[in-house]
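K.L.:
To be precise about what I am sending: the file is called work-v1.txt and holds compact mmCIF, C-alpha atoms.
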```txt
# COMPACT_ATOMS: atom_id res chain seq x y z
CA MET Y 26 188.50 -143.56 -257.02
CA SER Y 27 184.88 -143.31 -258.18
CA ARG Y 28 184.06 -142.48 -261.78
CA LEU Y 29 182.13 -139.35 -262.62
CA ARG Y 30 178.54 -139.73 -263.72
CA SER Y 31 177.96 -138.75 -267.34
CA GLN Y 32 176.29 -135.44 -266.43
CA ASP Y 33 179.10 -134.61 -263.99
CA ALA Y 34 181.71 -135.49 -266.58
CA ALA Y 35 180.02 -133.19 -269.08
CA LYS Y 36 180.04 -130.32 -266.57
CA ARG Y 37 183.68 -130.94 -265.82
CA ALA Y 38 184.63 -130.96 -269.49
CA ALA Y 39 182.83 -127.64 -269.98
CA ARG Y 40 184.86 -125.89 -267.27
CA ALA Y 41 187.72 -123.70 -268.43
CA ASN Y 42 189.85 -124.98 -265.53
CA ALA Y 43 188.73 -128.59 -265.77
CA ALA Y 44 192.23 -130.01 -265.25
CA ASP Y 45 192.65 -128.21 -261.93
CA PHE Y 46 189.09 -128.53 -260.63
CA SER Y 47 188.70 -130.81 -257.59
CA GLU Y 48 185.42 -132.71 -257.78
CA ALA Y 49 185.94 -134.18 -254.30
CA LEU Y 50 186.35 -130.75 -252.72
CA ALA Y 51 183.32 -129.41 -254.59
CA ARG Y 52 181.22 -132.34 -253.38
CA GLY Y 53 182.34 -131.86 -249.80
CA LEU Y 54 181.45 -128.18 -249.87
CA GLY Y 55 178.12 -129.07 -251.46
CA VAL Y 56 177.38 -131.41 -248.57
CA ILE Y 57 178.20 -128.69 -246.03
CA ASN Y 58 175.97 -126.19 -247.82
CA ALA Y 59 173.08 -128.65 -247.91
CA PHE Y 60 172.54 -128.12 -244.16
CA ASP Y 61 170.43 -125.08 -243.31
CA ASP Y 62 167.67 -123.92 -240.96
CA HIS Y 63 165.22 -126.27 -242.69
CA ARG Y 64 167.62 -129.23 -242.77
CA ARG Y 65 169.49 -129.09 -239.48
CA GLN Y 66 170.14 -132.83 -239.56
CA MET Y 67 169.87 -135.36 -242.35
CA THR Y 68 170.33 -139.02 -243.11
CA LEU Y 69 172.69 -140.29 -245.80
CA SER Y 70 169.73 -140.59 -248.19
CA ASP Y 71 168.62 -137.03 -247.38
CA VAL Y 72 172.08 -135.67 -248.16
CA ALA Y 73 172.38 -137.67 -251.38
CA ARG Y 74 169.07 -136.23 -252.60
CA ALA Y 75 169.91 -132.68 -251.47
CA VAL Y 76 173.21 -132.57 -253.38
CA ASP Y 77 172.17 -134.90 -256.20
CA LEU Y 78 174.96 -137.42 -255.62
CA PRO Y 79 175.03 -141.24 -255.56
CA ARG Y 80 174.74 -142.62 -252.03
CA ALA Y 81 178.27 -144.07 -252.16
CA THR Y 82 179.74 -140.69 -253.10
CA ALA Y 83 177.70 -138.85 -250.45
CA ARG Y 84 178.80 -141.45 -247.87
CA ARG Y 85 182.48 -140.75 -248.55
CA SER Y 86 181.97 -137.01 -248.24
CA LEU Y 87 180.06 -137.44 -244.99
CA ALA Y 88 182.66 -139.82 -243.55
CA THR Y 89 185.46 -137.38 -244.40
CA LEU Y 90 183.66 -134.43 -242.82
CA VAL Y 91 182.94 -136.48 -239.69
CA GLU Y 92 186.60 -137.48 -239.47
CA LEU Y 93 187.66 -133.82 -239.81
CA GLY Y 94 185.18 -132.78 -237.13
CA TYR Y 95 182.87 -130.66 -239.27
CA LEU Y 96 179.99 -133.13 -238.90
CA GLU Y 97 178.83 -135.43 -236.14
CA THR Y 98 176.49 -138.40 -236.18
CA GLU Y 99 173.78 -139.69 -233.92
CA GLY Y 100 172.28 -142.93 -235.13
CA ARG Y 101 171.49 -142.39 -238.82
CA MET Y 102 171.46 -138.60 -238.56
CA PHE Y 103 174.26 -136.22 -239.53
CA ARG Y 104 174.53 -132.59 -238.38
CA LEU Y 105 177.07 -129.77 -238.48
CA THR Y 106 179.36 -129.13 -235.51
CA PRO Y 107 180.61 -125.76 -234.19
CA ARG Y 108 183.91 -126.41 -235.98
CA ILE Y 109 182.20 -125.28 -239.18
CA LEU Y 110 182.43 -121.75 -237.78
CA ARG Y 111 186.19 -121.87 -238.38
CA LEU Y 112 185.46 -121.39 -242.07
CA ALA Y 113 183.54 -118.18 -241.37
CA ILE Y 114 186.14 -116.99 -238.86
CA SER Y 115 188.85 -117.45 -241.48
CA TYR Y 116 186.98 -115.09 -243.82
CA LEU Y 117 186.22 -112.54 -241.11
CA SER Y 118 189.85 -112.59 -239.95
CA ALA Y 119 191.40 -112.38 -243.41
CA ASP Y 120 189.14 -109.61 -244.73
CA PRO Y 121 189.58 -106.27 -242.90
CA VAL Y 122 186.24 -104.93 -244.14
CA PRO Y 123 184.01 -106.66 -241.54
CA GLY Y 124 186.28 -105.39 -238.75
CA ILE Y 125 185.95 -101.84 -240.05
CA LEU Y 126 182.19 -102.05 -240.48
CA GLN Y 127 181.09 -103.75 -237.26
CA PRO Y 128 181.76 -100.65 -235.11
CA VAL Y 129 179.87 -98.55 -237.66
CA CYS Y 130 176.82 -100.82 -237.40
CA GLU Y 131 176.96 -100.68 -233.62
CA ARG Y 132 177.17 -96.88 -233.60
CA ILE Y 133 174.24 -96.48 -235.98
CA CYS Y 134 172.21 -99.00 -234.01
CA ARG Y 135 172.73 -97.05 -230.79
CA GLN Y 136 171.94 -93.77 -232.52
CA VAL Y 137 168.64 -94.77 -234.13
CA GLY Y 138 167.55 -97.66 -231.91
CA ALA Y 139 167.13 -99.98 -234.89
CA SER Y 140 169.07 -102.80 -236.52
CA CYS Y 141 171.93 -101.97 -238.86
CA SER Y 142 173.64 -104.46 -241.17
CA VAL Y 143 176.29 -104.65 -243.87
CA ALA Y 144 176.02 -107.28 -246.60
CA VAL Y 145 177.96 -108.43 -249.65
CA ARG Y 146 176.66 -110.26 -252.69
CA ASP Y 147 177.08 -114.01 -252.91
CA GLY Y 148 175.35 -115.25 -256.04
CA ASP Y 149 171.63 -114.57 -255.74
CA GLU Y 150 171.84 -113.67 -252.06
CA ALA Y 151 173.08 -110.86 -249.85
CA VAL Y 152 175.06 -112.28 -246.92
CA MET Y 153 175.58 -110.19 -243.80
CA ILE Y 154 179.19 -109.63 -242.72
CA ALA Y 155 178.50 -107.08 -239.95
CA ARG Y 156 175.39 -106.65 -237.82
CA ALA Y 157 174.15 -104.74 -234.77
CA GLN Y 158 170.69 -104.81 -233.30
CA PRO Y 159 168.85 -103.38 -230.30
CA VAL Y 160 168.27 -105.42 -227.17
CA ARG Y 161 164.98 -106.50 -228.69
CA PRO Y 162 165.97 -107.32 -232.27
CA ALA Y 163 163.75 -106.53 -235.23
CA SER Y 164 164.24 -110.05 -236.53
CA VAL Y 165 164.98 -113.07 -234.36
CA GLY Y 166 167.93 -115.19 -235.47
CA LEU Y 167 169.19 -112.67 -237.97
CA GLY Y 168 172.93 -112.02 -237.63
CA VAL Y 169 176.34 -112.28 -239.31
CA GLY Y 170 176.13 -114.97 -241.98
CA TYR Y 171 172.38 -114.52 -242.43
CA ARG Y 172 171.24 -114.40 -246.05
CA LEU Y 173 168.57 -112.43 -247.84
CA PRO Y 174 167.44 -112.79 -251.46
CA ILE Y 175 168.93 -110.20 -253.78
CA PHE Y 176 165.76 -109.58 -255.78
CA CYS Y 177 163.44 -108.44 -252.97
CA SER Y 178 165.64 -106.99 -250.21
CA ALA Y 179 166.91 -103.42 -249.92
CA LEU Y 180 170.47 -104.64 -249.40
CA GLY Y 181 170.16 -106.95 -252.39
CA ARG Y 182 168.73 -104.37 -254.77
CA VAL Y 183 171.52 -101.95 -253.95
CA LEU Y 184 174.10 -104.67 -254.63
CA ALA Y 185 172.32 -105.70 -257.85
CA GLY Y 186 172.32 -102.07 -258.95
CA ALA Y 187 176.11 -102.28 -259.14
CA LEU Y 188 175.92 -105.01 -261.79
CA SER Y 189 176.54 -104.15 -265.42
CA ASP Y 190 173.54 -104.26 -267.74
CA LEU Y 191 174.68 -107.63 -269.12
CA GLU Y 192 175.20 -109.04 -265.62
CA LEU Y 193 171.79 -107.77 -264.56
CA ASP Y 194 170.19 -109.38 -267.61
CA ALA Y 195 171.85 -112.70 -266.73
CA PHE Y 196 170.73 -112.43 -263.11
CA LEU Y 197 167.12 -111.73 -264.02
CA ALA Y 198 167.13 -114.53 -266.59
CA HIS Y 199 167.94 -117.24 -264.06
CA VAL Y 200 166.59 -115.90 -260.76
CA LYS Y 201 163.42 -117.60 -259.51
CA PRO Y 202 161.40 -114.97 -257.61
CA THR Y 203 159.66 -116.50 -254.60
CA ARG Y 204 156.86 -114.81 -252.70
CA PHE Y 205 158.18 -114.57 -249.13
CA THR Y 206 155.40 -112.23 -247.98
CA ARG Y 207 152.22 -110.76 -249.44
CA GLN Y 208 154.25 -107.67 -250.42
CA THR Y 209 157.06 -109.50 -252.26
CA VAL Y 210 157.44 -108.30 -255.84
CA VAL Y 211 157.88 -111.33 -258.10
CA SER Y 212 157.41 -109.78 -261.55
CA ARG Y 213 160.77 -109.75 -263.34
CA PRO Y 214 160.07 -106.44 -265.19
CA GLU Y 215 159.13 -104.82 -261.88
CA ILE Y 216 162.19 -106.28 -260.15
CA ARG Y 217 164.36 -104.82 -262.92
CA ARG Y 218 162.67 -101.44 -262.50
CA LEU Y 219 163.28 -101.44 -258.75
CA ILE Y 220 166.94 -102.40 -259.15
CA LEU Y 221 167.52 -99.73 -261.79
CA ASP Y 222 165.70 -97.25 -259.56
CA ALA Y 223 168.08 -98.15 -256.72
CA ARG Y 224 171.04 -97.66 -259.08
CA LYS Y 225 169.75 -94.24 -260.17
CA LYS Y 226 168.77 -92.93 -256.73
CA GLY Y 227 171.64 -94.44 -254.81
CA TYR Y 228 169.44 -96.24 -252.31
CA ALA Y 229 166.71 -98.87 -252.05
CA LEU Y 230 163.75 -99.22 -249.73
CA ALA Y 231 162.02 -102.58 -249.36
CA ASP Y 232 158.80 -102.69 -247.37
CA ARG Y 233 158.03 -106.13 -245.85
CA GLU Y 234 159.12 -107.98 -249.00
CA ALA Y 235 161.97 -110.21 -247.80
CA GLU Y 236 160.65 -110.65 -244.26
CA VAL Y 237 157.27 -110.21 -242.63
CA GLY Y 238 157.13 -107.00 -240.62
CA ILE Y 239 160.51 -105.56 -241.66
CA ARG Y 240 160.96 -102.29 -243.54
CA SER Y 241 164.53 -101.62 -244.69
CA ILE Y 242 166.50 -98.86 -246.37
CA ALA Y 243 169.99 -99.44 -247.80
CA VAL Y 244 172.78 -97.59 -249.61
CA PRO Y 245 175.89 -98.88 -251.38
CA LEU Y 246 179.35 -98.79 -249.81
CA ILE Y 247 181.71 -97.58 -252.51
CA ARG Y 248 185.47 -97.78 -252.14
CA PHE Y 249 188.08 -95.34 -253.44
CA ASP Y 250 188.02 -96.74 -256.99
CA ARG Y 251 184.21 -96.33 -257.22
CA ARG Y 252 183.53 -100.04 -256.97
CA VAL Y 253 180.56 -101.11 -254.84
CA VAL Y 254 181.94 -103.57 -252.29
CA ALA Y 255 178.96 -103.91 -249.93
CA ALA Y 256 175.67 -102.36 -248.86
CA ILE Y 257 174.57 -100.99 -245.49
CA ASN Y 258 171.01 -100.78 -244.21
CA ILE Y 259 168.75 -99.86 -241.32
CA GLY Y 260 165.76 -102.12 -240.66
CA VAL Y 261 162.71 -101.43 -238.49
CA HIS Y 262 159.24 -102.68 -237.76
CA PRO Y 263 156.79 -100.70 -239.91
CA GLU Y 264 155.12 -99.19 -236.84
CA GLN Y 265 158.46 -97.75 -235.70
CA LYS Y 266 159.04 -95.54 -238.71
CA SER Y 267 157.16 -94.78 -241.92
CA ALA Y 268 158.85 -95.21 -245.29
CA LYS Y 269 158.76 -91.45 -245.80
CA ALA Y 270 160.40 -90.84 -242.43
CA MET Y 271 163.08 -93.43 -243.13
CA ILE Y 272 164.04 -91.65 -246.33
CA ALA Y 273 164.06 -88.28 -244.58
CA GLU Y 274 165.96 -89.36 -241.46
CA TYR Y 275 167.90 -92.55 -242.13
CA LEU Y 276 168.97 -92.03 -245.73
CA PRO Y 277 171.20 -88.98 -244.99
CA LEU Y 278 172.73 -90.83 -242.04
CA LEU Y 279 173.60 -93.87 -244.14
CA GLN Y 280 174.92 -91.72 -246.97
CA ASN Y 281 177.19 -89.78 -244.60
CA GLU Y 282 178.54 -93.00 -243.11
CA ALA Y 283 179.14 -94.43 -246.59
CA ALA Y 284 181.03 -91.30 -247.62
CA ALA Y 285 183.20 -91.44 -244.49
CA LEU Y 286 184.04 -95.10 -245.13
CA LYS Y 287 185.06 -94.65 -248.76
CA GLU Y 288 188.80 -94.34 -248.18
CA GLN Y 289 188.89 -97.14 -245.59
CA LEU Y 290 187.44 -99.80 -247.89
CA VAL Y 291 190.07 -101.67 -249.91
```
For the structure just supplied, provide its representation as structure tokens.
P.N.:
Amino acid sequence: MSRLRSQDAAKRAARANAADFSEALARGLGVINAFDDHRRQMTLSDVARAVDLPRATARRSLATLVELGYLETEGRMFRLTPRILRLAISYLSADPVPGILQPVCERICRQVGASCSVAVRDGDEAVMIARAQPVRPASVGLGVGYRLPIFCSALGRVLAGALSDLELDAFLAHVKPTRFTRQTVVSRPEIRRLILDARKKGYALADREAEVGIRSIAVPLIRFDRRVVAAINIGVHPEQKSAKAMIAEYLPLLQNEAAALKEQLV
């Protein structure tokens, strides 16, 4: 068994559940998460750098994931296999919420002829758990599992609006705003204002901030105990619908759907 590096040992000691925390499992999950649309395949050295692990430790994680079928190799390159989808399917099968919301997204999509998505918060990102889009999608490659930054997306700002003031302060203190488009707001005070505005109004509208050419409006999905569990949005190309028209037409539709879903969300 390999010894922990000094910095890893310090992190482990600082954890409240240090005795029960599995470093090996955490490293394996870190390796899986290192693969993305920019790093579809990597060498051992690439992985070690991406997850900040010694080569020997990264090698063991890679070998284990290959043996379990979650990774495959070709020469020196490693890449994910379709088996990784089992992890997502387990979540989608165990949580009834995506099953409830997928038909809603499909109905709204047919009604307005635009994409409709539901997302939940995962750290600094909003991850889509239900998604419907027209035959010609507003955004290529965007589907269930796709992630958007919390700070500059309509879905994200609605979800961030549900944070307590202390949680919002902590989020803004560590988030690193990146300019994804020319319209992306990266000023922390302005991001705070937009999130608080979404909290006050009950909706958020982001205009080409998270993605080029996408205007989005979102509202929170609130369950019976008044807890925000997700957010639902409609996204269009700017030429399809003005921001003013989206508020006038799409906002009441989303609000009515959210109200109807309240008792079904657990």
K.L.:
One decimal, in Å: what's the spacing between atom CA of Gly186 of chain Y and atom CA of Ala223 of chain Y?
P.N.:
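Computing the Euclidean distance for atom CA of Gly186 of chain Y and atom CA of Ala223 of chain Y yields 6.2 Å.
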K.L.:
Out of Y:Val91, Y:Ala255, Y:His199, Y:Glu288, which residue has the shortest atom-to-atom distance to Val152 of chain Y when counting all atoms listed in the file?
P.N.:
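For Val152 of chain Y, the nearest of the candidates is Y:Ala255.
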K.L.:
Could you tell me, as number ranges by chain, which residues have any atom at most 10 Å from (163.4, -96.1, -238.8), counting all atoms listed in the file?
P.N.:
Y: 137-140, 240-242, 259-276
K.L.:
Restricting the calculation to only C-alpha atoms: of Y:Ile133, Y:Thr106, Y:Ala198, Y:Leu50, which residue gets closest to Ser212 of chain Y?
P.N.:
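Smallest distance to Ser212 of chain Y is found for Y:Ala198.
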K.L.:
Name the residues within 8 Å of (174.1, -131.8, -236.5), counting all atoms listed in the file in the file's coordinates, and put them as a PyMOL selection string.
P.N.:
chain Y and resi 65-66+96-98+102-106
K.L.:
Looking at all atoms listed in the file, which of Y:Val169, Y:Ala283, Y:Val200, Y:Ala179 is the one that sits closest to Ile239 of chain Y?
P.N.:
Y:Ala179
K.L.:
Do a neighbour search on Leu93 of chain Y at 12 Å with all atoms listed in the file, toss out local chain neighbours closer than 5 positions, and write the hits as a list in words.
P.N.:
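With the cut-off at 12 Å, the set is Gly53, Ser86, Leu87, Ala88, Leu105, Thr106, Arg108 and Ile109 of chain Y.
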K.L.:
Which residues come within 9 Å of Arg156 of chain Y, counting all atoms listed in the file, excluding same-chain residues fewer than 4 positions away, as number ranges by chain?
P.N.:
Y: 126-127, 130-131, 140-144, 167-169
K.L.:
Neighbouring residues of Leu221 of chain Y were defined as those with any atom within 12 Å, considering only C-alpha atoms; residues of the same chain fewer than 2 positions away were excluded. Please report them as a list in words.
P.N.:
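Everything that qualifies: Phe176, Arg182, Val183, Leu184, Ala185, Gly186, Ala187, Leu188, Ser189, Asp190, Leu193, Asp194, Pro214, Glu215, Ile216, Arg217, Arg218, Leu219, Ala223, Arg224, Lys225, Lys226, Gly227, Tyr228 and Ala229 of chain Y.
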K.L.:
Using all atoms listed in the file for the distances, tell me which of Y:Leu230, Y:Met67, Y:Leu197, Y:Ala51 is nearest to Thr82 of chain Y.
P.N.:
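For Thr82 of chain Y, the nearest of the given residues is Y:Ala51.
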K.L.:
Find the distance between atom CA of Pro159 of chain Y and atom CA of Val253 of chain Y and write it in Å to one decimal.
P.N.:
27.3 Å
K.L.:
Could you tell me how far atom CA of Phe249 of chain Y sits from atom CA of Gln136 of chain Y, in Å to one decimal place?
P.N.:
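Distance between the two atoms: 26.5 Å.
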K.L.:
Would you pick out the contacts of Tyr171 of chain Y at 9 Å or less, using only C-alpha atoms, so that residues sharing its chain but fewer than 5 positions from it are not included, and give the list as a PyMOL selection string?
P.N.:
chain Y and resi 151-154+166
K.L.:
Using all atoms listed in the file, which of Y:Ala59, Y:Val244, Y:Leu173, Y:Val211 sits nearest Pro277 of chain Y?
P.N.:
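Of Y:Ala59, Y:Val244, Y:Leu173, Y:Val211, the one nearest Pro277 of chain Y, counting all atoms listed in the file, is Y:Val244.
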K.L.:
Determine the nearest neighbour of Arg172 of chain Y from the options Y:Ala73, Y:Ala235, Y:Val129, Y:Cys134, counting all atoms listed in the file.
P.N.:
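Nearest to Arg172 of chain Y: Y:Ala235.
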K.L.:
Report as lines of an AutoDock Vina configuration file the centre and the edge lengths, in Å to one decimal, of the axis-aligned box holding every listed atom of segment 196-204 of chain Y, padded by 3 Å on each side.
P.N.:
```
center_x = 163.8
center_y = -114.7
center_z = -259.6
size_x = 19.9
size_y = 11.9
size_z = 19.9
```
K.L.:
Would you list the contacts of Asp77 of chain Y as a PyMOL selection string, taking every protein, DNA or RNA residue within 10 Å and counting only C-alpha atoms, but skipping same-chain residues closer than 6 positions in sequence?
P.N.:
chain Y and resi 52+55-56+71+83
